[in-house]
Amino acid sequence: MRYEGSIYRPPSEARSLIIQATIGCSHNKCSFCSMYKDKNFRIRNTDDILEDISIARNRFTNINRVFLADGDALMIKTPELVKILNYIKLNIPECERIGIYASPNSIKRKSLEELKLLKSLGLDIAYLGLESGSDKVLLDINKGSTSEEIINCAIKLKEAGILVSITLISGLGGKEHWKDHAIDSAKAINKINPDYLGLLTLMIDPETRLYEEISKGSFQLLSPREVALETLEFLTHLDSEGTIFRSNHASNYISLRGTLNKDIPKMIRELEEVIKEDIGFKEEWMRRL
Ligand code: SF4
């Protein structure tokens with residue numbers, strides 16, 4: 001396969017064929033993120049993308065899932081995406097699910113009818129980073145969108161029939177805004193009622209602006225116990241029936257998983273136990289993005 005630079009994909013796409021339809025992230029300005037810092041965003045030539053699909057077809061059998069990378073492949077113009085989805089359908093008939101990273105910008109550029117068309121051609125799931133439900137935090141991290149804008153984008157995807165997977169990042173409010181971050185994030189999720197929700201924990205890369213803020217003392221990281229308290233606050237305000245919740249990523253200090261709302265009390269009990277005993281947190285050296 002032909003890949004440019006580091007490739008990122010959601011944990012749930014670990015077994016998917018990754019097709020790099022775009023290079024980098026169309027926003028690329030979030031203060032905590034260094035994933036695509038070395039790449040200028042561009043959409044690859046459609047013929048090259050189709051060629052990659054053919055190469056994969058000739059090399060692999062049983063491709064059950066395809067994931068369109070990099071950061072924001074929904075930026076591809078709809079007629080070109082239609083060609084790509086049709087080509088996947090024709091050449092990989094066993095493919096059961098096609099996933100994509102999306103952003104508020106790319107979702108806003110698509111009409112509901114366009115999204116419905118993409119869904120009808122096999123685009124089943126979109127991964128959208130909310131990061132925080134707090135507008136203050138979103139402004140601080142330079143997300144480029146408000147909570148309401150991201151909520152509306154997620155609802156638009158759902159209306160089109162596309163599964164929505166939302167990512168939040170615990171610790172992103174720091175010591176100053178952790179409570180707003182927890183409560184506003186829960187409120188945002190309650191409005192979206194996503195199919196999937198992933199709660200990662202903030203990790204700091206020296207290449208990021210947030211690292212500089214920490215060095216200068218303008219942002220203070222939460223301790224593992226404070227992250228657990230923030231997650232507890234978040235779960236306490238959460239009401240999103242049926243959402244599959246995962247907080248068992250390599251970055252998380254504590255592993256939690258369940259189906260909302262029925263598993264909220266169980267996860268709260270698990271967290272309370274860890275907070276009370278102040279043990280059971282993943283060691284720093286074991287954490288990864
Ligand atoms: S967090 Fe997402 S939107 Fe922000 S720069 Fe990184 S990849 Fe782009």
# chains A, B, ... in the order shown; residues from 1 in each chain; ligands from 1
>>> residues_near_ligand(ligand="ligand 1", cutoff="6 Å", atoms="only C-alpha atoms and all ligand atoms", output="ChimeraX atom specification")
/A:25,27-30,33,35,71
>>> closest_atom_pairs(of="region 177-210 of chain A", to="region 128-147 of chain A", cutoff="6 Å", atoms="only C-alpha atoms", output="tab-separated table")
residue	atom	partner	partner_atom	distance
A:His181	CA	A:Ser134	CA	5.3
A:Asp184	CA	A:Gly133	CA	4.7
A:Ser185	CA	A:Gly133	CA	3.7
A:Ala188	CA	A:Gly133	CA	5.4
>>> select_by_dssp(residues="region 39-133 of chain A", states="strand (DSSP E or B)", output="list in words")
Arg42, Ile43, Arg65, Val66, Phe67, Leu68, Ala69, Arg97, Ile98, Gly99, Ile100, Tyr101, Ala102, Leu123, Asp124, Ile125, Ala126, Tyr127, Leu128, Gly129, Leu130 and Glu131 of chain A
>>> atom_distance(atom1="CA of Ser103 (chain A)", atom2="CA of Leu74 (chain A)")
7.7 Å
>>> residues_around(residues="region 193-204 of chain A", least_positions_apart="2", cutoff="9 Å", atoms="only C-alpha atoms", output="PyMOL selection string")
chain A and resi 32-33+131+154-155+158+163-172+188-191+206-208+210-211+221+227+231+239-253+287-289
>>> closest_residue(among="A:Glu51, A:Ile23, A:Tyr127, A:Thr61", to="Ile76 (chain A)", atoms="only C-alpha atoms")
A:Ile23
>>> residues_around(residues="Ser120 (chain A)", least_positions_apart="2", cutoff="10 Å", atoms="only C-alpha atoms", output="list in words")
Val82, Leu85, Glu114, Leu115, Lys116, Leu117, Leu118, Gly122, Leu123, Asp124, Ala160, Gly161 and Ile162 of chain A
>>> write_last_selection(atoms="N, CA and C atoms", output="JSON list (two decimals), in the first residue's frame")
[["chain", "number", "residue", "atom", "x", "y", "z"],
["A", 82, "VAL", "N", -18.39, 9.81, -4.29],
["A", 82, "VAL", "CA", -19.31, 8.84, -4.90],
["A", 82, "VAL", "C", -18.51, 7.84, -5.74],
["A", 85, "LEU", "N", -16.63, 5.48, -3.31],
["A", 85, "LEU", "CA", -17.52, 4.52, -2.63],
["A", 85, "LEU", "C", -18.03, 3.47, -3.62],
["A", 114, "GLU", "N", -26.75, 15.14, 0.26],
["A", 114, "GLU", "CA", -25.44, 14.57, -0.11],
["A", 114, "GLU", "C", -25.02, 13.49, 0.90],
["A", 115, "LEU", "N", -25.22, 13.79, 2.18],
["A", 115, "LEU", "CA", -24.83, 12.81, 3.20],
["A", 115, "LEU", "C", -25.68, 11.54, 3.07],
["A", 116, "LYS", "N", -26.96, 11.72, 2.75],
["A", 116, "LYS", "CA", -27.83, 10.54, 2.57],
["A", 116, "LYS", "C", -27.36, 9.71, 1.37],
["A", 117, "LEU", "N", -26.93, 10.42, 0.32],
["A", 117, "LEU", "CA", -26.41, 9.72, -0.86],
["A", 117, "LEU", "C", -25.17, 8.90, -0.49],
["A", 118, "LEU", "N", -24.26, 9.53, 0.26],
["A", 118, "LEU", "CA", -23.04, 8.83, 0.66],
["A", 118, "LEU", "C", -23.36, 7.62, 1.53],
["A", 122, "GLY", "N", -22.71, 3.30, 1.01],
["A", 122, "GLY", "CA", -21.90, 2.48, 1.92],
["A", 122, "GLY", "C", -21.14, 3.22, 3.00],
["A", 123, "LEU", "N", -21.23, 4.56, 3.03],
["A", 123, "LEU", "CA", -20.54, 5.28, 4.10],
["A", 123, "LEU", "C", -21.36, 5.12, 5.38],
["A", 124, "ASP", "N", -20.87, 4.25, 6.26],
["A", 124, "ASP", "CA", -21.70, 3.84, 7.40],
["A", 124, "ASP", "C", -21.41, 4.57, 8.68],
["A", 160, "ALA", "N", -28.86, 11.67, 8.42],
["A", 160, "ALA", "CA", -28.54, 11.04, 7.13],
["A", 160, "ALA", "C", -28.44, 9.52, 7.27],
["A", 161, "GLY", "N", -28.52, 9.02, 8.50],
["A", 161, "GLY", "CA", -28.45, 7.57, 8.73],
["A", 161, "GLY", "C", -27.04, 7.07, 8.94],
["A", 162, "ILE", "N", -26.08, 8.01, 9.03],
["A", 162, "ILE", "CA", -24.68, 7.61, 9.24],
["A", 162, "ILE", "C", -24.43, 7.46, 10.74]]
>>> atom_distance(atom1="CA of Gln20 (chain A)", atom2="CA of Tyr101 (chain A)")
11.2 Å
>>> select_by_dssp(residues="region 227-274 of chain A", states="alpha helix (DSSP H)", output="PyMOL selection string")
chain A and resi 227-236+264-274
>>> closest_atom_pairs(of="region 72-151 of chain A", to="region 3-16 of chain A", cutoff="10 Å", atoms="only C-alpha atoms", output="JSON lines")
{"residue": "A:Cys95", "atom": "CA", "partner": "A:Ser16", "partner_atom": "CA", "distance": 9.6}
{"residue": "A:Arg97", "atom": "CA", "partner": "A:Ser16", "partner_atom": "CA", "distance": 9.1}
{"residue": "A:Ile98", "atom": "CA", "partner": "A:Ser16", "partner_atom": "CA", "distance": 8.8}
{"residue": "A:Gly99", "atom": "CA", "partner": "A:Glu13", "partner_atom": "CA", "distance": 8.1}
{"residue": "A:Ile100", "atom": "CA", "partner": "A:Arg9", "partner_atom": "CA", "distance": 9.1}
{"residue": "A:Tyr101", "atom": "CA", "partner": "A:Arg9", "partner_atom": "CA", "distance": 8.4}
{"residue": "A:Tyr127", "atom": "CA", "partner": "A:Pro10", "partner_atom": "CA", "distance": 7.8}
>>> write_last_selection(atoms="N, CA, C and O atoms", output="short mmCIF file (atom, residue, chain, number, x, y, z; two decimals), in the first residue's frame")
data_model
loop_
_atom_site.label_atom_id
_atom_site.label_comp_id
_atom_site.auth_asym_id
_atom_site.auth_seq_id
_atom_site.Cartn_x
_atom_site.Cartn_y
_atom_site.Cartn_z
N CYS A 95 -17.08 -5.96 1.64
CA CYS A 95 -16.92 -4.88 2.62
C CYS A 95 -18.26 -4.55 3.27
O CYS A 95 -19.24 -4.25 2.59
N ARG A 97 -18.54 -2.31 5.96
CA ARG A 97 -18.64 -0.98 6.56
C ARG A 97 -17.51 -0.09 6.06
O ARG A 97 -16.37 -0.52 5.99
N ILE A 98 -17.88 1.13 5.71
CA ILE A 98 -16.86 2.12 5.33
C ILE A 98 -16.94 3.25 6.35
O ILE A 98 -18.01 3.78 6.66
N GLY A 99 -15.78 3.60 6.90
CA GLY A 99 -15.73 4.66 7.91
C GLY A 99 -14.88 5.83 7.43
O GLY A 99 -14.10 5.71 6.47
N ILE A 100 -15.04 6.95 8.12
CA ILE A 100 -14.35 8.18 7.70
C ILE A 100 -14.18 9.09 8.91
O ILE A 100 -15.00 9.07 9.83
N TYR A 101 -13.11 9.88 8.92
CA TYR A 101 -13.01 10.98 9.89
C TYR A 101 -13.73 12.18 9.27
O TYR A 101 -13.54 12.47 8.07
N TYR A 127 -16.43 9.50 12.29
CA TYR A 127 -15.80 9.78 13.58
C TYR A 127 -15.57 11.29 13.68
O TYR A 127 -14.93 11.88 12.81
#
>>> residues_around(residues="Cys153 (chain A)", least_positions_apart="6", cutoff="8 Å", atoms="only C-alpha atoms", output="VMD selection string")
chain A and resid 104 107 to 108
>>> closest_atom_pairs(of="region 177-237 of chain A", to="region 265-285 of chain A", cutoff="9 Å", atoms="only C-alpha atoms", output="CSV")
residue,atom,partner,partner_atom,distance
A:Pro224,CA,A:Phe281,CA,6.8
A:Arg225,CA,A:Ile275,CA,6.2
A:Glu226,CA,A:Ile275,CA,8.7
A:Ala228,CA,A:Leu271,CA,6.5
A:Leu229,CA,A:Ile275,CA,7.3
A:Thr231,CA,A:Leu271,CA,8.1
A:Leu232,CA,A:Ile268,CA,6.2
A:Leu235,CA,A:Ile268,CA,6.9
A:Thr236,CA,A:Ile268,CA,7.6
>>> residues_around(residues="Arg42 (chain A)", least_positions_apart="2", cutoff="8 Å", atoms="only C-alpha atoms", output="PyMOL selection string")
chain A and resi 22-24+26+40+44
>>> closest_residue(among="A:Asn45, A:Leu256, A:Arg109, A:Asn91", to="Asn58 (chain A)", atoms="only C-alpha atoms")
A:Asn91
